[in-house]
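Pasting start-v6.cif here (mmCIF, C-alpha atoms and all ligand atoms):
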```cif
data_structure
loop_
_atom_site.label_atom_id
_atom_site.label_comp_id
_atom_site.auth_asym_id
_atom_site.auth_seq_id
_atom_site.Cartn_x
_atom_site.Cartn_y
_atom_site.Cartn_z
CA MET A 1 118.12 28.53 46.01
CA ALA A 2 115.12 29.85 44.02
CA GLU A 3 115.47 30.10 40.24
CA PRO A 4 116.72 33.52 39.15
CA VAL A 5 113.91 35.46 37.49
CA THR A 6 115.68 38.52 36.13
CA ALA A 7 118.85 39.00 34.15
CA GLN A 8 120.36 40.80 37.13
CA GLU A 9 119.62 37.91 39.47
CA ALA A 10 121.00 35.45 36.96
CA GLU A 11 124.18 37.47 36.82
CA ARG A 12 124.42 37.57 40.61
CA HIS A 13 123.89 33.84 40.94
CA ALA A 14 126.51 33.13 38.33
CA PHE A 15 128.86 35.30 40.39
CA TYR A 16 127.99 33.45 43.65
CA ASP A 17 128.63 30.12 41.93
CA ARG A 18 131.96 31.30 40.57
CA ILE A 19 133.31 32.64 43.89
CA SER A 20 132.01 29.62 45.75
CA THR A 21 134.80 27.58 44.16
CA GLN A 22 137.21 29.89 46.01
CA ASN A 23 135.42 29.35 49.33
CA LEU A 24 133.85 32.78 49.18
CA THR A 25 130.22 33.62 49.79
CA PRO A 26 128.24 36.89 49.88
CA LEU A 27 127.35 38.19 53.34
CA TRP A 28 124.26 40.00 52.10
CA LEU A 29 122.39 36.73 51.63
CA SER A 30 122.88 35.63 55.25
CA LEU A 31 123.43 38.80 57.28
CA ALA A 32 119.90 38.87 58.68
CA ASN A 33 120.29 35.28 59.95
CA LEU A 34 123.74 35.91 61.42
CA VAL A 35 123.18 39.17 63.25
CA THR A 36 119.67 38.94 64.65
CA PRO A 37 117.80 41.59 66.64
CA GLU A 38 117.22 38.98 69.38
CA PRO A 39 118.52 35.47 70.09
CA ILE A 40 117.07 32.93 67.64
CA SER A 41 117.94 29.45 68.86
CA PRO A 42 117.18 25.88 67.87
CA CYS A 43 117.18 25.19 71.65
CA GLN A 44 113.61 24.40 72.71
CA PRO A 45 111.82 24.43 76.06
CA ALA A 46 111.90 20.83 77.33
CA SER A 47 111.35 18.78 80.47
CA TRP A 48 112.13 15.34 81.84
CA ARG A 49 110.40 13.50 84.68
CA PHE A 50 112.80 11.92 87.13
CA SER A 51 110.58 8.83 87.40
CA ASP A 52 111.09 8.18 83.66
CA ILE A 53 114.83 8.81 83.80
CA ARG A 54 115.17 6.62 86.89
CA ALA A 55 113.36 3.70 85.26
CA ALA A 56 115.57 3.96 82.15
CA MET A 57 118.69 4.21 84.32
CA MET A 58 117.77 1.07 86.28
CA GLU A 59 117.35 -0.69 82.96
CA ALA A 60 120.75 0.62 81.84
CA GLY A 61 122.14 -0.71 85.14
CA GLY A 62 121.21 -4.22 84.00
CA LEU A 63 122.87 -3.72 80.61
CA ILE A 64 126.23 -2.17 81.45
CA SER A 65 128.36 -1.55 84.54
CA ALA A 66 129.66 1.87 85.58
CA LYS A 67 133.19 0.62 84.95
CA GLU A 68 132.50 -0.70 81.46
CA ALA A 69 130.59 2.44 80.51
CA GLU A 70 133.29 4.61 82.20
CA ARG A 71 130.37 6.90 83.04
CA ARG A 72 126.91 5.33 83.00
CA VAL A 73 124.93 8.40 82.06
CA LEU A 74 121.78 9.05 80.11
CA VAL A 75 122.22 12.32 78.24
CA LEU A 76 119.40 14.84 78.36
CA GLU A 77 119.20 15.97 74.76
CA ASN A 78 117.34 19.10 73.87
CA PRO A 79 114.62 18.11 71.35
CA GLY A 80 115.80 20.95 69.08
CA LEU A 81 119.42 19.74 69.24
CA ARG A 82 119.10 15.95 68.95
CA GLY A 83 122.22 13.93 68.25
CA GLN A 84 124.54 16.58 69.65
CA SER A 85 124.55 15.78 73.39
CA LYS A 86 123.40 19.31 74.20
CA ILE A 87 120.72 20.49 76.61
CA THR A 88 121.35 24.07 75.50
CA THR A 89 123.45 25.38 72.63
CA ASP A 90 126.62 25.37 74.74
CA LEU A 91 125.91 23.11 77.74
CA TYR A 92 125.53 19.39 78.32
CA ALA A 93 123.42 17.63 80.96
CA GLY A 94 123.00 14.00 81.89
CA VAL A 95 121.85 11.83 84.77
CA GLN A 96 124.49 9.50 86.18
CA MET A 97 123.83 6.42 88.31
CA VAL A 98 126.34 4.53 90.45
CA LEU A 99 125.08 1.25 91.94
CA PRO A 100 126.25 -0.09 95.30
CA GLY A 101 129.77 -1.49 94.99
CA GLU A 102 130.50 0.17 91.64
CA ILE A 103 133.36 2.46 90.67
CA ALA A 104 133.36 4.98 87.83
CA PRO A 105 137.11 4.99 87.12
CA ALA A 106 139.42 7.99 87.50
CA HIS A 107 139.98 10.30 84.56
CA ARG A 108 140.44 13.99 83.94
CA HIS A 109 139.47 16.39 81.20
CA THR A 110 139.49 20.08 80.37
CA GLN A 111 135.70 20.19 80.60
CA SER A 112 134.29 21.38 83.93
CA ALA A 113 131.59 19.32 85.60
CA LEU A 114 128.97 20.07 88.19
CA ARG A 115 127.06 17.39 90.06
CA PHE A 116 123.69 18.01 91.66
CA VAL A 117 122.65 15.03 93.77
CA LEU A 118 119.08 13.96 93.00
CA GLU A 119 118.62 10.74 94.98
CA GLY A 120 120.67 8.67 97.39
CA GLN A 121 123.32 9.36 99.93
CA GLY A 122 126.60 7.92 101.14
CA ALA A 123 128.20 7.49 97.72
CA HIS A 124 131.33 9.51 97.06
CA THR A 125 133.27 11.37 94.46
CA SER A 126 136.98 12.02 94.76
CA VAL A 127 138.43 15.19 93.27
CA ASN A 128 142.11 16.10 93.27
CA GLY A 129 143.01 13.70 96.08
CA GLU A 130 140.04 14.38 98.37
CA ARG A 131 136.90 12.31 98.75
CA THR A 132 133.56 13.90 99.51
CA ILE A 133 130.40 12.09 100.55
CA MET A 134 127.32 12.93 98.48
CA HIS A 135 123.90 13.76 99.91
CA GLU A 136 120.67 14.76 98.19
CA GLY A 137 120.79 18.38 97.05
CA ASP A 138 124.57 18.74 97.37
CA PHE A 139 126.23 20.76 94.59
CA ILE A 140 129.68 19.32 93.83
CA ILE A 141 132.35 20.65 91.45
CA THR A 142 134.88 18.88 89.28
CA PRO A 143 137.26 21.62 88.07
CA PRO A 144 138.93 21.43 84.66
CA TRP A 145 141.81 18.92 84.50
CA ALA A 146 141.11 17.54 88.02
CA TRP A 147 141.31 13.77 88.49
CA HIS A 148 137.91 12.43 89.50
CA ASP A 149 136.40 9.03 90.21
CA HIS A 150 133.06 8.12 91.70
CA GLY A 151 132.14 5.19 93.95
CA ASN A 152 129.27 3.92 96.01
CA HIS A 153 129.77 2.06 99.30
CA SER A 154 126.18 2.79 100.37
CA PRO A 155 123.39 0.17 100.13
CA ASP A 156 121.38 2.21 97.60
CA PRO A 157 121.89 3.46 94.05
CA ILE A 158 122.80 7.12 93.74
CA PHE A 159 121.58 9.42 90.97
CA TRP A 160 122.88 12.85 90.18
CA LEU A 161 122.52 15.49 87.51
CA ASP A 162 125.74 16.14 85.59
CA GLY A 163 126.20 19.57 84.01
CA LEU A 164 129.24 20.00 81.80
CA ASP A 165 130.53 22.63 79.38
CA ILE A 166 131.19 19.92 76.75
CA PRO A 167 129.64 21.80 73.77
CA LEU A 168 131.41 25.02 74.71
CA VAL A 169 134.80 23.30 74.94
CA GLN A 170 134.02 21.47 71.70
CA PHE A 171 133.26 24.80 70.01
CA LEU A 172 136.62 26.13 71.22
CA ASP A 173 138.43 22.94 70.10
CA ALA A 174 140.02 22.72 73.53
CA SER A 175 139.15 19.17 74.61
CA PHE A 176 141.86 17.13 76.30
CA MET A 177 141.37 14.06 78.49
CA GLU A 178 143.32 11.21 80.01
CA HIS A 179 142.69 8.09 82.08
CA HIS A 180 144.36 7.52 85.42
CA LYS A 181 146.47 4.38 85.64
CA ASP A 182 144.36 3.24 88.63
CA ASP A 183 140.56 3.00 88.85
CA GLU A 184 140.69 5.14 91.98
CA GLN A 185 143.12 8.01 92.40
CA PRO A 186 145.19 8.04 95.60
CA LEU A 187 143.67 10.10 98.41
CA THR A 188 146.11 12.72 99.65
CA ARG A 189 143.81 14.78 101.88
CA PRO A 190 141.22 13.86 104.50
CA THR A 191 137.52 14.32 103.73
CA GLY A 192 136.48 17.86 104.66
CA ASP A 193 139.92 19.39 104.06
CA ALA A 194 138.85 21.81 101.31
CA ASP A 195 135.79 22.85 103.28
CA ALA A 196 137.86 23.63 106.38
CA ARG A 197 140.54 25.41 104.39
CA TYR A 198 138.29 27.52 102.14
CA GLY A 199 134.65 27.07 103.18
CA ALA A 200 134.66 28.44 106.74
CA ASN A 201 135.09 32.16 106.00
CA LEU A 202 138.80 31.61 106.55
CA LEU A 203 141.76 31.31 104.21
CA PRO A 204 145.22 29.95 104.84
CA VAL A 205 147.21 33.03 105.91
CA ASP A 206 149.51 33.12 102.89
CA HIS A 207 146.85 32.24 100.33
CA LYS A 208 147.33 34.27 97.15
CA GLY A 209 145.01 34.87 94.26
CA GLY A 210 142.02 32.95 93.05
CA GLY A 211 141.49 30.69 90.09
CA GLY A 212 138.46 30.32 87.88
CA THR A 213 137.02 27.51 89.99
CA SER A 214 136.11 27.56 93.66
CA PRO A 215 138.44 25.47 95.86
CA VAL A 216 135.33 24.48 97.84
CA PHE A 217 134.10 21.49 95.88
CA ASN A 218 131.09 20.37 97.87
CA TYR A 219 128.35 22.86 98.78
CA PRO A 220 126.24 20.68 101.10
CA TYR A 221 122.49 21.04 100.77
CA ALA A 222 122.00 21.06 104.54
CA ARG A 223 123.90 24.34 104.76
CA THR A 224 122.29 25.86 101.66
CA ARG A 225 118.82 24.92 102.85
CA ASP A 226 119.45 26.39 106.28
CA ALA A 227 120.56 29.70 104.73
CA LEU A 228 117.42 29.83 102.58
CA GLU A 229 115.24 29.11 105.58
CA ARG A 230 116.84 31.86 107.64
CA LEU A 231 116.65 34.36 104.77
CA ARG A 232 113.00 33.56 104.24
CA LYS A 233 112.29 35.42 107.47
CA ALA A 234 113.40 38.68 105.82
CA ARG A 235 110.47 38.31 103.39
CA GLU A 236 112.41 40.18 100.72
CA TRP A 237 110.86 38.32 97.83
CA ASP A 238 112.16 39.19 94.39
CA PRO A 239 109.16 39.32 92.03
CA CYS A 240 111.08 37.46 89.29
CA HIS A 241 112.96 34.92 91.42
CA GLY A 242 111.44 34.53 94.88
CA LEU A 243 114.56 34.14 97.00
CA LYS A 244 117.47 33.33 94.68
CA MET A 245 121.13 32.97 95.57
CA ARG A 246 124.16 32.10 93.49
CA TYR A 247 126.89 29.68 94.54
CA THR A 248 130.14 31.56 94.84
CA ASN A 249 133.91 31.11 94.83
CA PRO A 250 134.88 32.38 98.31
CA ILE A 251 138.26 33.59 97.05
CA THR A 252 136.94 35.88 94.33
CA GLY A 253 133.24 36.37 95.05
CA ASN A 254 132.61 35.40 91.44
CA HIS A 255 130.64 32.36 90.29
CA ALA A 256 131.82 29.05 91.72
CA MET A 257 132.85 27.85 88.25
CA ALA A 258 134.31 29.74 85.29
CA THR A 259 131.97 28.44 82.61
CA MET A 260 128.78 27.56 84.48
CA GLY A 261 126.79 29.68 86.91
CA THR A 262 124.94 27.75 89.60
CA PHE A 263 121.95 29.01 91.54
CA VAL A 264 119.46 27.96 94.17
CA GLN A 265 116.09 29.54 94.84
CA LEU A 266 113.29 29.17 97.33
CA LEU A 267 109.71 29.70 96.20
CA PRO A 268 107.29 29.58 99.11
CA ARG A 269 103.97 27.80 98.70
CA GLY A 270 101.59 29.85 96.57
CA PHE A 271 104.32 32.17 95.23
CA ALA A 272 104.09 33.05 91.54
CA THR A 273 107.02 34.81 89.90
CA THR A 274 106.56 37.52 87.31
CA LYS A 275 107.72 37.12 83.69
CA TYR A 276 111.51 37.06 83.40
CA ARG A 277 113.90 36.38 80.55
CA SER A 278 117.65 36.40 80.20
CA SER A 279 120.23 35.60 77.53
CA ASP A 280 121.53 32.56 79.44
CA ALA A 281 119.55 29.42 78.62
CA THR A 282 119.02 27.77 82.01
CA VAL A 283 118.60 24.20 83.24
CA PHE A 284 116.39 23.85 86.34
CA ALA A 285 116.27 20.95 88.79
CA PRO A 286 113.70 21.25 91.60
CA ILE A 287 114.90 19.38 94.69
CA GLU A 288 111.93 20.09 96.97
CA GLY A 289 108.27 20.73 96.42
CA ARG A 290 105.93 20.87 93.47
CA GLY A 291 104.83 23.51 91.02
CA ARG A 292 104.71 24.56 87.43
CA SER A 293 106.64 26.79 85.11
CA ILE A 294 105.37 28.48 81.99
CA ILE A 295 108.07 28.90 79.33
CA GLY A 296 107.53 31.18 76.33
CA ASP A 297 103.87 31.57 75.39
CA ASP A 298 102.54 28.11 76.03
CA PHE A 299 105.06 25.50 77.21
CA VAL A 300 103.87 24.37 80.65
CA VAL A 301 106.01 22.13 82.85
CA GLU A 302 104.32 20.52 85.84
CA TRP A 303 107.31 19.66 87.97
CA GLN A 304 108.11 17.97 91.20
CA LYS A 305 111.23 17.13 93.16
CA ARG A 306 114.09 15.80 90.93
CA ASP A 307 112.48 16.64 87.57
CA ILE A 308 114.58 18.64 85.10
CA PHE A 309 113.56 21.34 82.64
CA VAL A 310 115.27 23.84 80.39
CA VAL A 311 114.44 27.45 79.56
CA PRO A 312 116.08 28.63 76.29
CA SER A 313 117.79 31.99 75.91
CA TRP A 314 115.46 34.98 75.91
CA LYS A 315 112.30 32.90 76.42
CA HIS A 316 110.04 34.26 79.15
CA VAL A 317 109.61 32.08 82.20
CA ARG A 318 107.22 32.21 85.15
CA HIS A 319 107.28 29.81 88.08
CA GLU A 320 104.37 28.92 90.38
CA ALA A 321 104.97 26.95 93.57
CA ALA A 322 102.15 24.67 94.73
CA GLU A 323 104.25 23.75 97.78
CA ASP A 324 107.37 25.24 99.31
CA ALA A 325 109.86 24.58 96.52
CA VAL A 326 113.62 24.74 96.07
CA LEU A 327 115.07 24.93 92.56
CA PHE A 328 118.68 24.38 91.63
CA SER A 329 119.69 25.82 88.26
CA PHE A 330 122.72 26.34 86.04
CA SER A 331 123.59 28.29 82.91
CA ASP A 332 126.50 29.79 80.96
CA ARG A 333 126.01 33.14 82.71
CA PRO A 334 129.68 33.51 83.84
CA VAL A 335 130.81 33.23 80.22
CA GLN A 336 128.29 35.79 79.04
CA GLU A 337 129.20 38.13 81.90
CA ALA A 338 132.93 37.83 81.20
CA LEU A 339 132.26 38.67 77.55
CA HIS A 340 129.87 41.50 78.51
CA LEU A 341 127.05 39.73 76.67
CA PHE A 342 124.66 38.90 79.50
CA ARG A 343 121.24 40.56 79.27
CA GLU A 344 118.09 40.19 81.28
CA ASP A 345 114.58 41.55 81.04
CA ARG A 346 112.76 41.73 84.34
CA GLY A 347 109.61 43.04 82.68
CA ASN A 348 110.18 46.17 84.79
CA ALA A 349 109.58 44.15 87.95
O1 LIG A 401 131.56 12.05 85.65
O2 LIG A 401 133.42 12.48 84.63
O3 LIG A 401 128.01 13.12 82.39
O4 LIG A 401 133.42 12.78 82.08
C1 LIG A 401 129.97 13.23 81.10
C2 LIG A 401 131.34 13.14 81.02
C3 LIG A 401 130.08 12.76 83.43
C4 LIG A 401 132.19 12.39 84.63
C5 LIG A 401 129.35 13.03 82.30
C6 LIG A 401 132.08 12.86 82.16
C7 LIG A 401 131.44 12.68 83.37
#
```

Would you mind giving the structure from this file in structure tokens?
Amino acid sequence: MAEPVTAQEAERHAFYDRISTQNLTPLWLSLANLVTPEPISPCQPASWRFSDIRAAMMEAGGLISAKEAERRVLVLENPGLRGQSKITTDLYAGVQMVLPGEIAPAHRHTQSALRFVLEGQGAHTSVNGERTIMHEGDFIITPPWAWHDHGNHSPDPIFWLDGLDIPLVQFLDASFMEHHKDDEQPLTRPTGDADARYGANLLPVDHKGGGGTSPVFNYPYARTRDALERLRKAREWDPCHGLKMRYTNPITGNHAMATMGTFVQLLPRGFATTKYRSSDATVFAPIEGRGRSIIGDDFVVEWQKRDIFVVPSWKHVRHEAAEDAVLFSFSDRPVQEALHLFREDRGNA
């Protein structure tokens, strides 16, 4: 604090010092930093090339097994939030690799996880007694407190993007986790069971209610891509988003997960979006094509398939597709919507 220059300031500072011993502090010194006219975040625009992450992961593969690591993941740390395992203020992201023959042992936790498959196919994740096979571009959910283990019986390594609400749950002091007694949980349902039961525009006749997480836990890319391709024919391009869809819980119509919104968008070759900003800091993962995104005034990301970048809250973003491109993205939008905090600025587009 600056040296007091007047008698009045000296008196005030003496007062602040005195009440500080009682764990009291004056609001009027910090109000402007606490209640800001617009979001002011240490979260910075940032990007990672998949080729760099992949090389580091292969090196990690020679240093530690999936089993020993429990989860062999390289965390994507926001440069403005180093040392905190955060890609945004309230979300975590990492890239996980499972080598042929490896198992990432079963555990469960209150944090929700999303997986977006970047490279490889034929590996699996088991969630609540059902195994699903992973393919590039699949979006897969691990609901809170669901047992999950990952394995790879395919001949190739598999890489996926993990998105978790770790910082949010940490903020709420609501973290619980436990290990399963076995490396792999017992399978109680055949592969495809959840999809047949909940993902075919049908519900079991006596199904009641809907939870916070979709019971469909694999949204296969083949189906998503086909929908985008068919919708493209309508040519109803949104100036800010191209063609953007959100993954949904078929029971409630709400987001597929309670804490993380997940989205997929098609940008046709040559399409340039107009300036857009929203209060949900968003992590993007292109899975097809090439292009660039301009974040804020001057942060330019030249991206291609499998790269990852982050747009902080309330920073403008524009995307330009050099080739037909598909972008997966996730954010805390469901939380902000539930709390009536979500805001967006479409620049009047
Ligand atoms: O696969 O269960 O990236 O528990 C971080 C924590 C992945 C997982 C992460 C986890 C997992």

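If one restricts the calculation to only C-alpha atoms and all ligand atoms, the set of residues situated within 6 Å of ligand LIG 401 (chain A) consists of Arg71, Val73, Gly94 and Asp162 of chain A.
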
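The two atoms in question, atom CA of Arg269 of chain A and atom CA of Gln121 of chain A, are spaced 26.8 Å apart.
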
(request) List every protein, DNA or RNA residue that has at least one atom no more than 6 Å from (120.0, 38.8, 74.3) in the file's coordinates, counting all atoms listed in the file, and write the result as a count of residues only. (result) 4

Enumerate, in order of chain and increasing residue number, the residues of segment 103-195 of chain A with an atom no farther than 12 Å from segment 58-69 of chain A, each with its shortest atom pair and distance in Å to one decimal, counting all atoms listed in the file, as a tab-separated table.
```
residue	atom	partner	partner_atom	distance
A:Ile103	CA	A:Lys67	CA	6.0
A:Ala104	CA	A:Lys67	CA	5.2
A:Pro105	CA	A:Lys67	CA	6.3
A:Ala106	CA	A:Lys67	CA	10.0
A:His107	CA	A:Lys67	CA	11.8
A:Asp149	CA	A:Lys67	CA	10.4
A:His150	CA	A:Ala66	CA	9.4
A:Gly151	CA	A:Ala66	CA	9.3
A:Asn152	CA	A:Ala66	CA	10.6
A:Asp156	CA	A:Met58	CA	11.9
A:Pro157	CA	A:Met58	CA	9.1
A:Ile158	CA	A:Met58	CA	10.8
A:Phe159	CA	A:Met58	CA	10.3
A:Asp183	CA	A:Lys67	CA	8.7
A:Glu184	CA	A:Lys67	CA	11.2
```

(message) Could you tell me how far atom CA of Gly122 of chain A sits from atom CA of Trp147 of chain A, in Å to one decimal place?
(response) 20.3 Å

(request) Find the residues near Leu118 of chain A: any atom within 6 Å, counting all atoms listed in the file, skip ones fewer than 3 places away on the same chain, and give them as a list in words. (result) Glu136, Phe159, Trp160 and Arg306 of chain A

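Residue nearest Pro37 of chain A within the list A:Ser331, A:Leu172, A:Trp314, A:Tyr221: A:Trp314 [criterion: smallest interatomic distance, all atoms listed in the file].
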
(request) Calculate how many Å separate atom CA of Ser30 of chain A from atom CA of Asp90 of chain A, rounding to one decimal. (result) 22.3 Å

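Considering the residues A:Asp307, A:Asp173, A:Glu77, A:Asp345 and counting all atoms listed in the file, Ser51 of chain A has its shortest atom-to-atom contact with A:Asp307.
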
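Residues of protein, DNA or RNA having at least one counted atom within 12 Å of (105.5, 28.6, 78.2), given all atoms listed in the file, are Gln44, Pro45, Ala46, Ser47, Lys275, Tyr276, Arg277, Arg292, Ser293, Ile294, Ile295, Gly296, Asp297, Asp298, Phe299, Val300, Val301, Glu302, Phe309, Val310, Val311, Pro312, Lys315, His316, Val317, Arg318 and His319 of chain A.
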
Please produce a file of the residues just selected, as a PDB file, in the frame of the given file, where the atoms kept are C-alpha atoms.
```
ATOM      1  CA  GLN A  44     113.610  24.400  72.710  1.00  0.00           C
ATOM      2  CA  PRO A  45     111.820  24.430  76.060  1.00  0.00           C
ATOM      3  CA  ALA A  46     111.900  20.830  77.330  1.00  0.00           C
ATOM      4  CA  SER A  47     111.350  18.780  80.470  1.00  0.00           C
ATOM      5  CA  LYS A 275     107.720  37.120  83.690  1.00  0.00           C
ATOM      6  CA  TYR A 276     111.510  37.060  83.400  1.00  0.00           C
ATOM      7  CA  ARG A 277     113.900  36.380  80.550  1.00  0.00           C
ATOM      8  CA  ARG A 292     104.710  24.560  87.430  1.00  0.00           C
ATOM      9  CA  SER A 293     106.640  26.790  85.110  1.00  0.00           C
ATOM     10  CA  ILE A 294     105.370  28.480  81.990  1.00  0.00           C
ATOM     11  CA  ILE A 295     108.070  28.900  79.330  1.00  0.00           C
ATOM     12  CA  GLY A 296     107.530  31.180  76.330  1.00  0.00           C
ATOM     13  CA  ASP A 297     103.870  31.570  75.390  1.00  0.00           C
ATOM     14  CA  ASP A 298     102.540  28.110  76.030  1.00  0.00           C
ATOM     15  CA  PHE A 299     105.060  25.500  77.210  1.00  0.00           C
ATOM     16  CA  VAL A 300     103.870  24.370  80.650  1.00  0.00           C
ATOM     17  CA  VAL A 301     106.010  22.130  82.850  1.00  0.00           C
ATOM     18  CA  GLU A 302     104.320  20.520  85.840  1.00  0.00           C
ATOM     19  CA  PHE A 309     113.560  21.340  82.640  1.00  0.00           C
ATOM     20  CA  VAL A 310     115.270  23.840  80.390  1.00  0.00           C
ATOM     21  CA  VAL A 311     114.440  27.450  79.560  1.00  0.00           C
ATOM     22  CA  PRO A 312     116.080  28.630  76.290  1.00  0.00           C
ATOM     23  CA  LYS A 315     112.300  32.900  76.420  1.00  0.00           C
ATOM     24  CA  HIS A 316     110.040  34.260  79.150  1.00  0.00           C
ATOM     25  CA  VAL A 317     109.610  32.080  82.200  1.00  0.00           C
ATOM     26  CA  ARG A 318     107.220  32.210  85.150  1.00  0.00           C
ATOM     27  CA  HIS A 319     107.280  29.810  88.080  1.00  0.00           C
TER      28      HIS A 319
END
```

Using all atoms listed in the file, which residues sit within 8 Å of Thr273 of chain A once same-chain residues fewer than 3 positions away are excluded, as a PDB file with C-alpha atoms, in the coordinates of the input?
```
ATOM      1  CA  PRO A 239     109.160  39.320  92.030  1.00  0.00           C
ATOM      2  CA  CYS A 240     111.080  37.460  89.290  1.00  0.00           C
ATOM      3  CA  HIS A 241     112.960  34.920  91.420  1.00  0.00           C
ATOM      4  CA  GLY A 242     111.440  34.530  94.880  1.00  0.00           C
ATOM      5  CA  ARG A 318     107.220  32.210  85.150  1.00  0.00           C
ATOM      6  CA  HIS A 319     107.280  29.810  88.080  1.00  0.00           C
ATOM      7  CA  GLU A 320     104.370  28.920  90.380  1.00  0.00           C
TER       8      GLU A 320
END
```

(message) as a PyMOL selection string, please: the residues near Lys244 of chain A (cut-off 12 Å, all atoms listed in the file, same-chain neighbours under 6 positions excluded).
(response) chain A and resi 224-225+227-229+231-232+236-238+262-268+273+325-329

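Closest to Leu168 of chain A among A:Pro250, A:Ala55, A:Thr89, A:Gly291 is A:Thr89, based on only C-alpha atoms.
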
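In this comparison, which uses all atoms listed in the file, the residue of A:Phe342, A:Trp303, A:Tyr198, A:Phe217 approaching Glu323 of chain A most closely is A:Trp303.
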
Fill-in result for segment 31-36 of chain A, all heavy atoms as a compact mmCIF listing (two decimals), in the frame of the given file:
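Result went into result.txt, see below:
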```
# COMPACT_ATOMS: atom_id res chain seq x y z
N LEU A 31 123.23 37.85 56.17
CA LEU A 31 123.43 38.80 57.28
C LEU A 31 122.28 38.79 58.29
O LEU A 31 122.51 38.73 59.50
CB LEU A 31 123.63 40.22 56.71
CG LEU A 31 123.86 41.33 57.73
CD1 LEU A 31 125.07 41.03 58.61
CD2 LEU A 31 124.05 42.68 57.03
N ALA A 32 121.05 38.79 57.78
CA ALA A 32 119.90 38.87 58.68
C ALA A 32 119.78 37.64 59.57
O ALA A 32 119.20 37.70 60.66
CB ALA A 32 118.61 39.05 57.88
N ASN A 33 120.32 36.49 59.12
CA ASN A 33 120.29 35.28 59.95
C ASN A 33 121.48 35.20 60.90
O ASN A 33 121.47 34.43 61.86
CB ASN A 33 120.31 34.02 59.08
CG ASN A 33 119.07 33.93 58.22
OD1 ASN A 33 117.99 34.33 58.65
ND2 ASN A 33 119.23 33.43 57.01
N LEU A 34 122.52 35.97 60.60
CA LEU A 34 123.74 35.91 61.42
C LEU A 34 123.66 36.91 62.56
O LEU A 34 124.01 36.60 63.70
CB LEU A 34 124.97 36.23 60.57
CG LEU A 34 125.33 35.24 59.47
CD1 LEU A 34 126.46 35.78 58.62
CD2 LEU A 34 125.73 33.90 60.09
N VAL A 35 123.22 38.10 62.26
CA VAL A 35 123.18 39.17 63.25
C VAL A 35 121.71 39.50 63.44
O VAL A 35 121.12 40.25 62.67
CB VAL A 35 123.99 40.39 62.76
CG1 VAL A 35 123.98 41.48 63.81
CG2 VAL A 35 125.42 39.96 62.44
N THR A 36 121.12 38.86 64.46
CA THR A 36 119.67 38.94 64.65
C THR A 36 119.33 39.98 65.73
O THR A 36 120.13 40.20 66.64
CB THR A 36 119.12 37.56 65.07
OG1 THR A 36 119.77 37.15 66.28
CG2 THR A 36 119.39 36.51 63.99
```
